[in-house]
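So this one's data.txt, compact mmCIF, C-alpha atoms:
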```txt
# COMPACT_ATOMS: atom_id res chain seq x y z
CA MET N 22 0.00 0.00 0.00
CA SER N 23 1.34 3.46 -0.89
CA GLU N 24 2.42 5.93 1.76
CA TYR N 25 -0.34 8.24 0.57
CA LEU N 26 -3.12 5.72 1.25
CA GLN N 27 -1.58 4.27 4.39
CA SER N 28 -0.59 7.41 6.28
CA GLU N 29 -0.97 10.68 4.40
CA LEU N 30 -4.63 10.32 3.40
CA PRO N 31 -5.84 9.29 6.90
CA ALA N 32 -3.93 12.29 8.30
CA ILE N 33 -5.64 14.64 5.83
CA GLU N 34 -9.05 13.16 6.67
CA LEU N 35 -8.46 13.73 10.39
CA PHE N 36 -7.39 17.34 9.79
CA GLN N 37 -10.62 17.84 7.85
CA LYS N 38 -12.63 16.35 10.73
CA LEU N 39 -10.86 18.92 12.91
CA LYS N 40 -12.34 21.61 10.62
CA TYR N 41 -9.16 22.49 8.77
CA ASP N 42 -9.44 23.66 5.18
CA TYR N 43 -7.62 21.32 2.79
CA PHE N 44 -5.76 21.95 -0.46
CA ASP N 45 -3.99 19.44 -2.70
CA ALA N 46 -1.01 21.31 -4.15
CA LYS N 47 -0.25 18.51 -6.64
CA GLY N 48 3.45 19.23 -6.55
CA GLU N 49 3.10 22.82 -7.76
CA MET N 50 5.56 25.51 -6.62
CA TYR N 51 4.49 28.00 -3.95
CA GLU N 52 6.06 30.67 -1.79
CA VAL N 53 6.67 29.75 1.84
CA VAL N 54 4.11 32.25 3.19
CA LEU N 55 0.67 32.33 1.56
CA GLU N 56 0.61 36.11 1.38
CA ASP N 57 -3.00 36.50 0.22
CA ARG N 58 -4.23 34.43 3.15
CA LEU N 59 -1.93 36.29 5.54
CA THR N 60 -3.28 39.65 4.30
CA THR N 61 -6.90 38.57 4.67
CA SER N 62 -6.27 37.22 8.16
CA LEU N 63 -4.44 40.33 9.33
CA LYS N 64 -7.35 42.51 8.16
CA ARG N 65 -9.85 40.28 9.95
CA ILE N 66 -7.91 40.13 13.23
CA ASN N 67 -6.76 43.79 13.16
CA PRO N 68 -9.55 45.69 11.38
CA TRP N 69 -8.07 49.00 12.56
CA LEU N 70 -4.98 48.59 10.34
CA ASN N 71 -5.02 50.93 7.36
CA GLU N 72 -3.52 49.80 4.06
CA ASN N 73 -0.18 51.47 4.62
CA ASN N 74 0.27 49.93 8.06
CA LEU N 75 -0.97 46.57 6.81
CA GLN N 76 1.83 46.47 4.24
CA LYS N 77 4.36 47.42 6.94
CA VAL N 78 3.21 44.49 9.07
CA ILE N 79 3.44 42.06 6.15
CA ARG N 80 6.94 43.25 5.27
CA LYS N 81 7.92 42.83 8.92
CA ILE N 82 6.91 39.16 9.15
CA LEU N 83 8.35 38.34 5.73
CA ALA N 84 11.72 39.98 6.32
CA VAL N 85 12.77 38.80 9.77
CA SER N 86 16.52 38.29 9.61
CA GLY N 87 19.16 36.72 11.82
CA SER N 88 22.48 34.94 11.85
CA SER N 89 20.91 31.47 12.01
CA LEU N 90 17.69 29.57 11.43
CA MET N 91 17.20 29.29 15.20
CA GLU N 92 17.61 33.05 15.74
CA ILE N 93 15.10 33.85 13.00
CA ASN N 94 12.68 31.23 14.29
CA SER N 95 12.91 32.65 17.80
CA GLU N 96 12.20 36.20 16.59
CA ILE N 97 9.19 35.03 14.58
CA HIS N 98 7.88 33.11 17.58
CA LYS N 99 7.97 36.34 19.58
CA LEU N 100 6.11 38.15 16.80
CA ILE N 101 3.28 35.62 16.67
CA THR N 102 2.88 35.09 20.43
CA ARG N 103 3.80 38.22 22.39
CA ALA N 104 1.39 41.13 22.64
CA ASP N 105 4.27 43.60 22.98
CA ALA N 106 6.27 42.29 20.00
CA LEU N 107 4.86 44.66 17.36
CA SER N 108 2.84 47.83 17.91
CA ILE N 109 1.71 50.40 15.38
CA LYS N 110 -0.13 53.72 15.66
CA PRO N 111 -3.45 53.50 13.77
CA THR N 112 -3.00 57.20 13.05
CA PRO N 113 -0.18 59.62 13.99
CA GLU N 114 -2.38 61.03 16.77
CA GLU N 115 -3.38 57.74 18.39
CA LYS N 116 -1.50 55.53 20.83
CA PRO N 117 0.24 52.42 19.45
CA ARG N 118 -1.82 49.24 19.31
CA ALA N 119 -0.54 45.68 19.40
CA VAL N 120 -0.66 43.81 16.10
CA LYS N 121 -1.88 40.21 16.27
CA PHE N 122 -0.84 37.62 13.71
CA ILE N 123 -2.93 34.98 15.51
CA ASP N 124 -6.06 35.51 17.58
CA TYR N 125 -5.53 33.20 20.55
CA GLU N 126 -8.74 34.23 22.31
CA ASN N 127 -11.17 33.89 19.38
CA LEU N 128 -10.37 30.61 17.68
CA ASP N 129 -12.77 31.17 14.78
CA ASN N 130 -11.01 34.40 13.87
CA ASN N 131 -8.12 32.39 12.41
CA GLU N 132 -7.73 30.36 9.22
CA PHE N 133 -6.41 26.80 9.56
CA LEU N 134 -5.22 25.04 6.43
CA VAL N 135 -3.49 21.73 5.69
CA VAL N 136 -1.79 21.24 2.31
CA ASN N 137 -0.20 18.13 0.87
CA GLN N 138 2.58 17.83 -1.70
CA MET N 139 3.38 21.54 -1.85
CA LYS N 140 6.65 22.28 -3.62
CA PHE N 141 9.13 24.86 -2.29
CA LYS N 142 12.32 26.22 -3.78
CA GLY N 143 15.48 24.67 -2.44
CA GLU N 144 19.18 25.36 -2.54
CA ARG N 145 19.92 22.04 -4.29
CA ALA N 146 16.53 20.85 -5.53
CA ASN N 147 12.90 21.42 -4.67
CA SER N 148 11.50 20.34 -1.31
CA ILE N 149 8.12 18.59 -1.28
CA PRO N 150 7.07 17.72 2.28
CA ASP N 151 4.00 15.53 2.57
CA LEU N 152 1.95 17.90 4.75
CA VAL N 153 2.31 21.55 5.71
CA VAL N 154 -0.01 23.13 8.28
CA PHE N 155 -0.73 26.85 7.86
CA VAL N 156 -2.35 29.25 10.31
CA ASN N 157 -3.30 32.58 8.77
CA GLY N 158 -1.00 31.90 5.83
CA LEU N 159 2.06 31.08 7.97
CA PRO N 160 3.57 27.56 7.69
CA LEU N 161 3.68 26.53 11.35
CA ALA N 162 4.12 22.76 10.97
CA VAL N 163 5.67 20.24 8.58
CA ILE N 164 4.75 16.55 8.71
CA GLU N 165 6.34 13.69 6.83
CA ALA N 166 4.17 10.59 6.25
CA LYS N 167 5.63 7.13 5.62
CA ASN N 168 4.27 3.61 5.33
CA GLN N 169 4.35 1.17 8.20
CA THR N 170 7.54 -0.54 7.07
CA VAL N 171 9.56 2.67 7.50
CA ASP N 172 11.25 3.42 10.82
CA ILE N 173 10.16 7.00 11.47
CA SER N 174 12.76 7.51 14.19
CA ASP N 175 15.25 8.24 11.40
CA ILE N 176 13.82 10.09 8.39
CA PRO N 177 16.53 11.92 6.40
CA ASP N 178 13.86 13.92 4.53
CA LEU N 179 13.21 16.18 7.53
CA ASP N 180 16.86 17.16 7.91
CA TYR N 181 17.08 17.61 4.15
CA TYR N 182 14.09 19.97 4.02
CA GLN N 183 15.56 22.15 6.77
CA ALA N 184 18.95 22.38 5.06
CA ASN N 185 17.55 22.72 1.54
CA SER N 186 14.60 25.08 2.14
CA PRO N 187 15.41 26.85 5.44
CA LYS N 188 12.91 29.66 4.88
CA LEU N 189 10.06 27.15 5.19
CA PHE N 190 11.24 26.54 8.76
CA HIS N 191 11.60 30.19 9.74
CA TYR N 192 7.97 29.99 10.89
CA ASN N 193 7.89 26.36 12.01
CA GLN N 194 6.65 25.39 15.47
CA ILE N 195 6.22 21.61 15.15
CA ILE N 196 7.85 18.99 12.94
CA GLY N 197 6.11 15.62 12.78
CA ALA N 198 6.77 12.13 11.44
CA ILE N 199 3.93 9.58 11.08
CA ASN N 200 3.42 6.10 9.67
CA ARG N 201 -0.05 5.23 11.01
CA ILE N 202 1.24 2.84 13.71
CA SER N 203 3.48 5.50 15.26
CA GLY N 204 3.99 9.24 15.46
CA LEU N 205 6.83 11.49 16.59
CA TYR N 206 7.21 15.25 16.98
CA GLY N 207 10.10 17.62 17.49
CA THR N 208 11.55 21.01 16.65
CA ILE N 209 13.87 22.59 14.14
CA GLU N 210 17.52 21.49 14.30
CA ALA N 211 16.72 18.69 16.75
CA SER N 212 18.16 15.25 16.12
CA MET N 213 15.34 12.76 15.64
CA LYS N 214 16.55 10.79 18.64
CA PHE N 215 15.14 13.66 20.71
CA TYR N 216 11.71 13.55 19.04
CA SER N 217 8.85 12.53 21.35
CA LYS N 218 5.91 10.16 21.14
CA TYR N 219 2.49 11.30 22.29
CA ASN N 220 1.66 8.38 24.58
CA GLU N 221 -1.68 9.68 25.82
CA LYS N 222 -4.62 7.30 25.65
CA ALA N 223 -7.23 8.12 23.04
CA SER N 224 -9.84 10.52 24.43
CA SER N 225 -13.56 9.89 24.08
CA GLU N 226 -13.75 13.01 21.91
CA LEU N 227 -11.25 11.55 19.43
CA ILE N 228 -12.96 8.15 19.38
CA GLU N 229 -16.29 9.87 18.70
CA LEU N 230 -14.72 12.03 15.99
CA LEU N 231 -13.22 9.05 14.14
CA GLU N 232 -16.02 6.61 14.89
CA ASN N 233 -13.41 3.85 15.26
CA GLU N 234 -10.32 2.99 17.31
CA PRO N 235 -7.66 5.75 16.96
CA THR N 236 -4.14 4.85 15.88
CA PRO N 237 -0.98 6.36 17.43
CA GLN N 238 -0.86 8.67 14.39
CA ASP N 239 -4.41 9.86 15.11
CA ILE N 240 -3.60 10.45 18.78
CA LEU N 241 -0.56 12.56 17.91
CA ILE N 242 -2.38 14.65 15.29
CA TYR N 243 -5.41 15.23 17.51
CA ASN N 244 -3.42 16.25 20.59
CA LEU N 245 -1.01 18.53 18.73
CA PHE N 246 -3.24 19.98 16.02
CA GLU N 247 -6.79 20.19 17.30
CA LYS N 248 -7.16 23.93 16.82
CA ARG N 249 -7.31 25.04 20.45
CA LYS N 250 -4.58 22.62 21.48
CA PHE N 251 -2.33 23.74 18.61
CA LEU N 252 -2.57 27.42 19.50
CA ASP N 253 -2.16 26.61 23.20
CA ILE N 254 1.14 24.82 22.46
CA ILE N 255 2.43 27.63 20.25
CA LYS N 256 1.66 30.38 22.75
CA TYR N 257 2.58 28.75 26.07
CA PHE N 258 4.68 25.65 25.49
CA VAL N 259 7.47 26.61 23.09
CA ILE N 260 10.71 27.62 24.76
CA PHE N 261 14.19 28.52 23.59
CA GLU N 262 16.87 27.44 26.06
CA VAL N 263 20.43 28.76 25.81
CA ASP N 264 22.90 26.09 26.93
CA GLU N 265 26.65 26.76 26.69
CA GLY N 266 26.12 29.33 23.97
CA ARG N 267 23.82 27.15 21.87
CA THR N 268 20.08 27.77 21.62
CA ILE N 269 17.84 24.71 21.79
CA LYS N 270 14.15 24.89 20.96
CA LYS N 271 11.93 22.69 23.12
CA LEU N 272 8.36 21.42 22.97
CA PRO N 273 6.53 19.81 25.89
CA ARG N 274 6.32 16.10 26.47
CA TYR N 275 2.73 14.92 26.61
CA GLN N 276 2.82 14.55 30.41
CA GLN N 277 4.10 18.12 30.85
CA LEU N 278 1.35 19.47 28.63
CA ARG N 279 -1.30 17.48 30.47
CA ALA N 280 -0.01 18.38 33.95
CA VAL N 281 0.20 22.12 33.32
CA ASN N 282 -3.25 22.37 31.78
CA LYS N 283 -4.79 20.28 34.55
CA ILE N 284 -3.17 22.53 37.17
CA VAL N 285 -4.47 25.70 35.53
CA ASP N 286 -7.95 24.23 35.09
CA ARG N 287 -8.00 23.15 38.75
CA LEU N 288 -6.95 26.61 39.90
CA ILE N 289 -9.54 28.35 37.74
CA THR N 290 -12.38 25.93 38.46
CA HIS N 291 -11.76 25.00 42.10
CA ASN N 292 -9.15 27.54 43.31
CA ARG N 293 -7.08 24.63 44.60
CA GLY N 294 -3.51 23.49 44.26
CA GLY N 295 -2.32 19.90 44.30
CA VAL N 296 0.50 17.45 43.72
CA VAL N 297 2.22 16.51 40.46
CA TRP N 298 4.22 13.30 40.64
CA HIS N 299 7.41 13.17 38.56
CA THR N 300 10.03 10.55 37.92
CA GLN N 301 13.70 11.54 37.93
CA GLY N 302 14.74 13.25 34.70
CA SER N 303 11.17 13.88 33.55
CA GLY N 304 11.62 17.64 33.29
CA LYS N 305 10.28 19.16 36.52
CA SER N 306 12.04 22.49 36.01
CA ILE N 307 10.71 22.83 32.45
CA THR N 308 7.20 21.92 33.65
CA MET N 309 7.49 24.75 36.19
CA ILE N 310 8.51 27.14 33.41
CA TYR N 311 5.52 26.15 31.27
CA LEU N 312 3.22 26.59 34.27
CA ALA N 313 4.70 29.96 35.20
CA THR N 314 4.32 31.13 31.60
CA LYS N 315 0.66 30.18 31.55
CA LEU N 316 -0.09 31.63 34.98
CA ARG N 317 1.43 34.92 33.84
CA ALA N 318 -0.80 35.18 30.77
CA ALA N 319 -3.24 38.07 30.85
CA THR N 320 -6.04 35.73 29.75
CA SER N 321 -5.52 33.41 32.73
CA GLY N 322 -7.32 35.82 35.07
CA PHE N 323 -4.65 35.56 37.79
CA ASP N 324 -3.84 39.28 37.71
CA ASN N 325 -0.09 39.22 36.97
CA PRO N 326 0.70 36.86 39.84
CA THR N 327 3.67 36.27 42.10
CA ILE N 328 5.33 32.90 41.47
CA LEU N 329 7.52 31.50 44.24
CA VAL N 330 9.63 28.44 43.43
CA LEU N 331 10.82 26.63 46.55
CA THR N 332 13.39 23.86 46.94
CA ASP N 333 14.97 22.23 49.97
CA ARG N 334 18.60 22.54 48.85
CA THR N 335 20.69 25.55 47.84
CA ASP N 336 22.11 23.75 44.81
CA LEU N 337 18.55 23.03 43.56
CA ASP N 338 17.62 26.66 44.16
CA ASN N 339 20.56 27.78 42.02
CA GLN N 340 19.78 25.17 39.39
CA ILE N 341 16.15 26.20 38.98
CA ARG N 342 17.01 29.91 38.86
CA SER N 343 19.61 29.11 36.19
CA THR N 344 17.06 27.13 34.15
CA PHE N 345 14.53 29.98 34.27
CA ASN N 346 17.26 32.41 33.18
CA ARG N 347 18.40 30.18 30.31
CA VAL N 348 14.95 30.25 28.72
CA GLY N 349 14.74 34.04 28.97
CA PHE N 350 12.23 34.15 31.83
CA SER N 351 12.42 37.73 33.06
CA ASN N 352 12.46 39.17 36.59
CA ILE N 353 13.93 36.20 38.44
CA ASN N 354 14.75 37.13 42.03
CA GLN N 355 16.59 34.77 44.35
CA ALA N 356 15.79 35.44 48.01
CA ASN N 357 18.91 35.24 50.16
CA SER N 358 17.05 35.53 53.45
CA ILE N 359 13.50 35.53 54.82
CA SER N 360 13.65 39.32 55.26
CA HIS N 361 14.79 39.66 51.64
CA LEU N 362 11.90 37.42 50.57
CA LYS N 363 9.47 39.56 52.58
CA THR N 364 10.77 42.68 50.81
CA LEU N 365 10.38 41.01 47.42
CA LEU N 366 6.84 39.88 48.22
CA LYS N 367 5.77 43.43 49.04
CA ASP N 368 6.27 44.48 45.44
CA SER N 369 6.46 41.29 43.45
CA TYR N 370 3.65 41.49 40.91
CA GLY N 371 4.92 40.10 37.66
CA LYS N 372 8.03 38.64 39.28
CA THR N 373 9.23 35.12 39.81
CA LEU N 374 11.00 34.42 43.10
CA THR N 375 13.13 31.48 44.17
CA SER N 376 14.10 30.47 47.69
CA THR N 377 14.77 27.50 49.96
CA ILE N 378 11.98 26.35 52.25
CA GLN N 379 14.30 26.24 55.28
CA LYS N 380 14.18 30.04 55.46
CA PHE N 381 10.61 29.77 56.76
CA GLN N 382 11.68 27.40 59.52
CA GLU N 383 14.60 29.63 60.49
CA ARG N 384 12.28 32.61 60.95
CA ALA N 385 9.72 30.54 62.86
CA GLU N 386 12.32 29.27 65.32
CA GLU N 387 13.83 32.72 65.71
CA LYS N 388 10.51 34.46 66.47
CA LYS N 389 8.69 31.53 68.14
CA GLU N 390 5.78 32.24 65.80
CA VAL N 391 5.38 32.55 62.07
CA GLU N 392 5.06 36.01 60.58
CA VAL N 393 2.63 36.55 57.70
CA LEU N 394 4.82 37.60 54.79
CA SER N 395 1.93 38.26 52.40
CA ASP N 396 -1.82 37.72 52.48
CA LYS N 397 -2.21 38.12 48.70
CA GLU N 398 -4.28 35.48 46.94
CA ASN N 399 -2.49 35.51 43.60
CA ILE N 400 0.68 33.90 44.92
CA PHE N 401 1.51 30.50 43.46
CA VAL N 402 4.09 28.38 45.27
CA LEU N 403 5.78 25.67 43.21
CA ILE N 404 7.61 23.26 45.52
CA ASP N 405 10.30 21.01 44.08
CA GLU N 406 10.90 17.67 45.84
CA ALA N 407 7.74 18.32 47.87
CA HIS N 408 7.82 14.87 49.47
CA ARG N 409 10.89 15.91 51.46
CA SER N 410 9.38 19.05 52.99
CA GLN N 411 5.58 18.83 52.80
CA TYR N 412 4.93 15.31 54.10
CA GLY N 413 6.14 13.01 56.85
CA PHE N 414 8.30 13.89 59.83
CA THR N 415 9.54 17.34 58.85
CA GLY N 416 8.47 19.18 61.98
CA ARG N 417 10.38 20.13 65.11
CA VAL N 418 10.33 18.04 68.26
CA VAL N 419 8.54 19.66 71.21
CA GLU N 420 8.60 18.38 74.80
CA THR N 421 5.12 18.24 76.39
CA GLU N 422 3.75 16.81 79.63
CA GLU N 423 2.86 13.66 77.75
CA GLY N 424 6.37 13.37 76.29
CA SER N 425 7.95 14.26 72.95
CA GLU N 426 5.82 15.04 69.92
CA ILE N 427 6.37 16.41 66.43
CA ARG N 428 4.65 19.70 65.85
CA ASP N 429 4.49 22.30 63.07
CA GLY N 430 7.21 21.79 60.43
CA ASN N 431 8.19 23.35 57.14
CA ALA N 432 4.81 22.85 55.52
CA LYS N 433 2.95 24.59 58.33
CA TYR N 434 5.49 27.44 58.59
CA LEU N 435 5.14 28.05 54.88
CA ARG N 436 1.35 28.07 54.91
CA ASP N 437 1.21 30.33 57.96
CA ALA N 438 3.56 32.79 56.24
CA LEU N 439 1.56 32.78 52.97
CA PRO N 440 -1.96 31.92 54.12
CA ASN N 441 -3.85 32.66 50.89
CA ALA N 442 -1.36 31.29 48.37
CA SER N 443 -1.98 28.28 46.13
CA TYR N 444 0.49 25.44 46.44
```
Structure rendered as structure tokens:
Amino acid sequence: MSEYLQSELPAIELFQKLKYDYFDAKGEMYEVVLEDRLTTSLKRINPWLNENNLQKVIRKILAVSGSSLMEINSEIHKLITRADALSIKPTPEEKPRAVKFIDYENLDNNEFLVVNQMKFKGERANSIPDLVVFVNGLPLAVIEAKNQTVDISDIPDLDYYQANSPKLFHYNQIIGAINRISGLYGTIEASMKFYSKYNEKASSELIELLENEPTPQDILIYNLFEKRKFLDIIKYFVIFEVDEGRTIKKLPRYQQLRAVNKIVDRLITHNRGGVVWHTQGSGKSITMIYLATKLRAATSGFDNPTILVLTDRTDLDNQIRSTFNRVGFSNINQANSISHLKTLLKDSYGKTLTSTIQKFQERAEEKKEVEVLSDKENIFVLIDEAHRSQYGFTGRVVETEEGSEIRDGNAKYLRDALPNASY
């Protein structure tokens, strides 16, 4: 059976069930950005743009430059996700307004399109990826489809496309490989050994949509490209981490995506925190970064919150602060004492703070009672290695008439100091 019938066609059919427009390019040559569709979308999303400003915006997104593919990709990601990335005055007398390339709040205000067999100019020959996913005329995903006999953990085509037609990947947010019985996803410049599977069980919504048992390919496409999920990933779950001078683009593993969205939903719906269980090496620090990013979003309703990341060791405190810094997370403040933390909490809206939990115990023992550091409700405390400080015998021993007993402890000191925070 051909790759088209075995993998590509079922993928197209699922995209159509997800309400994507579909176009068969039949191997014809196209520009990387579908400029007509981009223009129409910009007018629809930003009706206040006059023709002159509209052309300025289009030139801006088409002419982003940089010293590398990764640098250009990072700049474009800022343009399409950050409200402060591009502002224009509607008229010389008016204040600047933010230009949106994607409407993340109103899903139906965007155009979603999947195209197969579209040909792009290349440095050596033409590139013809199996599927390209466009949002508002911008090519945000490339997917290569193979038959079941092909090992998709090593597909030279994807490296070739990036080297041969780099401009196609200036805008790219997800690269996928599918063969019906499996699916992998990754980012630009990543070796395929770092691509991830989407091991989530098929949801009832997907089963109902397909009216049969979903394959691993279906599960990957649904969880990455269902419209709301796709935009959610692009806006909140794409990070660029600088490690020893090299920038690495990262996407979430399925369990990170699920955990963060469940946390946010629980906070919004029930105003409650909870526990996320991790195995070693499963990316706790990155999960915290994704969560902090989403909590900070204006649309979350958390009013530019304070985020306090606590650990129980100084080396972990330094490590987490370093990780936040490497991904460009702004306003990281490391508290060097409980009094310093109190000062930071007084004026910490929009900031992220790190500290060790022992500072709360030190202050409690010093003062014999715990001082309220802040009674604000929009404080979110993310506790690393929580089992070592929030459960079990972590309290101090107190002599009573009945003998020795364990009382208070780090968890209680912390909650007394920040009584209205979410943990």
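Near (9.7, 25.7, -1.0), the residues that fall inside 10 Å on the basis of all atoms listed in the file are Glu49, Met50, Tyr51, Glu52, Val53, Val54, Met139, Lys140, Phe141, Lys142, Gly143, Glu144, Ala146, Asn147, Ser148, Ile149, Pro150, Tyr182, Asn185, Ser186, Pro187, Lys188, Leu189 and Phe190 of chain N.
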If you keep C-alpha atoms, can you produce a file of those selected residues as a PDB file, in the frame of the given file?
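Okay, this is what ended up in selection00.pdb:
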```
ATOM      1  CA  GLU N  49       3.100  22.820  -7.760  1.00  0.00           C
ATOM      2  CA  MET N  50       5.560  25.510  -6.620  1.00  0.00           C
ATOM      3  CA  TYR N  51       4.490  28.000  -3.950  1.00  0.00           C
ATOM      4  CA  GLU N  52       6.060  30.670  -1.790  1.00  0.00           C
ATOM      5  CA  VAL N  53       6.670  29.750   1.840  1.00  0.00           C
ATOM      6  CA  VAL N  54       4.110  32.250   3.190  1.00  0.00           C
ATOM      7  CA  MET N 139       3.380  21.540  -1.850  1.00  0.00           C
ATOM      8  CA  LYS N 140       6.650  22.280  -3.620  1.00  0.00           C
ATOM      9  CA  PHE N 141       9.130  24.860  -2.290  1.00  0.00           C
ATOM     10  CA  LYS N 142      12.320  26.220  -3.780  1.00  0.00           C
ATOM     11  CA  GLY N 143      15.480  24.670  -2.440  1.00  0.00           C
ATOM     12  CA  GLU N 144      19.180  25.360  -2.540  1.00  0.00           C
ATOM     13  CA  ALA N 146      16.530  20.850  -5.530  1.00  0.00           C
ATOM     14  CA  ASN N 147      12.900  21.420  -4.670  1.00  0.00           C
ATOM     15  CA  SER N 148      11.500  20.340  -1.310  1.00  0.00           C
ATOM     16  CA  ILE N 149       8.120  18.590  -1.280  1.00  0.00           C
ATOM     17  CA  PRO N 150       7.070  17.720   2.280  1.00  0.00           C
ATOM     18  CA  TYR N 182      14.090  19.970   4.020  1.00  0.00           C
ATOM     19  CA  ASN N 185      17.550  22.720   1.540  1.00  0.00           C
ATOM     20  CA  SER N 186      14.600  25.080   2.140  1.00  0.00           C
ATOM     21  CA  PRO N 187      15.410  26.850   5.440  1.00  0.00           C
ATOM     22  CA  LYS N 188      12.910  29.660   4.880  1.00  0.00           C
ATOM     23  CA  LEU N 189      10.060  27.150   5.190  1.00  0.00           C
ATOM     24  CA  PHE N 190      11.240  26.540   8.760  1.00  0.00           C
TER      25      PHE N 190
END
```
Spatial sel., origin (1.4, 17.8, 43.6), limit 10 Å, all atoms listed in the file, listed as JSON, numbers by chain: {"N": [280, 284, 294, 295, 296, 297, 298, 299, 403, 404, 405, 406, 407, 408, 444]}
Nearest-residue call for N:Ser108, choices N:Asn67, N:Asn94, N:Ser86, N:Asn220, using all atoms listed in the file: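 Using all atoms listed in the file, the shortest distance to N:Ser108 belongs to N:Asn67.
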Straight-line distance linking atom CA of N:Leu394 with atom CA of N:Gln355, stated in Å to one decimal: 16.0 Å
Residue neighbourhood N:Asn282, 12 Å, only C-alpha atoms, exclusion window fewer than 6 positions, as a PyMOL selection string: chain N and resi 250+253-254+257-258+273+275-276+288-290+297+308-309+311-316+321
N:Ile79 surroundings by only C-alpha atoms, 12 Å radius, close-in-sequence under 2 positions cut, as number ranges by chain: N: 54-64, 70, 72-77, 81-85, 100, 107, 120-122, 157-159
Preceding selection exported with C-alpha atoms as an mmCIF file, in the coordinates of the input:
```cif
data_model
loop_
_atom_site.group_PDB
_atom_site.id
_atom_site.type_symbol
_atom_site.label_atom_id
_atom_site.label_comp_id
_atom_site.auth_asym_id
_atom_site.auth_seq_id
_atom_site.Cartn_x
_atom_site.Cartn_y
_atom_site.Cartn_z
ATOM 1 C CA VAL N 54 4.110 32.250 3.190
ATOM 2 C CA LEU N 55 0.670 32.330 1.560
ATOM 3 C CA GLU N 56 0.610 36.110 1.380
ATOM 4 C CA ASP N 57 -3.000 36.500 0.220
ATOM 5 C CA ARG N 58 -4.230 34.430 3.150
ATOM 6 C CA LEU N 59 -1.930 36.290 5.540
ATOM 7 C CA THR N 60 -3.280 39.650 4.300
ATOM 8 C CA THR N 61 -6.900 38.570 4.670
ATOM 9 C CA SER N 62 -6.270 37.220 8.160
ATOM 10 C CA LEU N 63 -4.440 40.330 9.330
ATOM 11 C CA LYS N 64 -7.350 42.510 8.160
ATOM 12 C CA LEU N 70 -4.980 48.590 10.340
ATOM 13 C CA GLU N 72 -3.520 49.800 4.060
ATOM 14 C CA ASN N 73 -0.180 51.470 4.620
ATOM 15 C CA ASN N 74 0.270 49.930 8.060
ATOM 16 C CA LEU N 75 -0.970 46.570 6.810
ATOM 17 C CA GLN N 76 1.830 46.470 4.240
ATOM 18 C CA LYS N 77 4.360 47.420 6.940
ATOM 19 C CA LYS N 81 7.920 42.830 8.920
ATOM 20 C CA ILE N 82 6.910 39.160 9.150
ATOM 21 C CA LEU N 83 8.350 38.340 5.730
ATOM 22 C CA ALA N 84 11.720 39.980 6.320
ATOM 23 C CA VAL N 85 12.770 38.800 9.770
ATOM 24 C CA LEU N 100 6.110 38.150 16.800
ATOM 25 C CA LEU N 107 4.860 44.660 17.360
ATOM 26 C CA VAL N 120 -0.660 43.810 16.100
ATOM 27 C CA LYS N 121 -1.880 40.210 16.270
ATOM 28 C CA PHE N 122 -0.840 37.620 13.710
ATOM 29 C CA ASN N 157 -3.300 32.580 8.770
ATOM 30 C CA GLY N 158 -1.000 31.900 5.830
ATOM 31 C CA LEU N 159 2.060 31.080 7.970
#
```
Coordinates-based distance that separates atom CA of N:Lys99 from atom CA of N:Glu115 (Å, one decimal): 24.3 Å
Best match for closeness to N:Pro31 among N:Thr170, N:Thr236, N:Ser88, N:Ser224, counting only C-alpha atoms: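 Under the stated criterion, the closest residue is N:Thr236.
Each of N:Asn200, N:Gln194, N:Gln340, N:Ser89 was compared to N:Leu252 using all atoms listed in the file, and N:Gln194 turns out to be the nearest.
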Residues near N:Leu366, cut-off 12 Å, all atoms listed in the file, skip fewer than 2 positions along chain, as an MDAnalysis selection string: chainID N and resid 326:329 354:356 359:364 368:376 393:397 399:401 438:439 442
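Here atom CA of N:Ala184 stands at a distance of 10.4 Å from atom CA of N:Ile209.
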Shell of 10 Å around N:Ala166, all atoms listed in the file, local chain residues under 6 positions omitted, as a ChimeraX atom specification: /N:24-25,27-30,32,150-152,173,176,197-201,204,238
Since we have the selection now, will you write its residues out, keeping C-alpha atoms, as a PDB file, in the frame of the given file?
```pdb
ATOM      1  CA  GLU N  24       2.420   5.930   1.760  1.00  0.00           C
ATOM      2  CA  TYR N  25      -0.340   8.240   0.570  1.00  0.00           C
ATOM      3  CA  GLN N  27      -1.580   4.270   4.390  1.00  0.00           C
ATOM      4  CA  SER N  28      -0.590   7.410   6.280  1.00  0.00           C
ATOM      5  CA  GLU N  29      -0.970  10.680   4.400  1.00  0.00           C
ATOM      6  CA  LEU N  30      -4.630  10.320   3.400  1.00  0.00           C
ATOM      7  CA  ALA N  32      -3.930  12.290   8.300  1.00  0.00           C
ATOM      8  CA  PRO N 150       7.070  17.720   2.280  1.00  0.00           C
ATOM      9  CA  ASP N 151       4.000  15.530   2.570  1.00  0.00           C
ATOM     10  CA  LEU N 152       1.950  17.900   4.750  1.00  0.00           C
ATOM     11  CA  ILE N 173      10.160   7.000  11.470  1.00  0.00           C
ATOM     12  CA  ILE N 176      13.820  10.090   8.390  1.00  0.00           C
ATOM     13  CA  GLY N 197       6.110  15.620  12.780  1.00  0.00           C
ATOM     14  CA  ALA N 198       6.770  12.130  11.440  1.00  0.00           C
ATOM     15  CA  ILE N 199       3.930   9.580  11.080  1.00  0.00           C
ATOM     16  CA  ASN N 200       3.420   6.100   9.670  1.00  0.00           C
ATOM     17  CA  ARG N 201      -0.050   5.230  11.010  1.00  0.00           C
ATOM     18  CA  GLY N 204       3.990   9.240  15.460  1.00  0.00           C
ATOM     19  CA  GLN N 238      -0.860   8.670  14.390  1.00  0.00           C
TER      20      GLN N 238
END
```
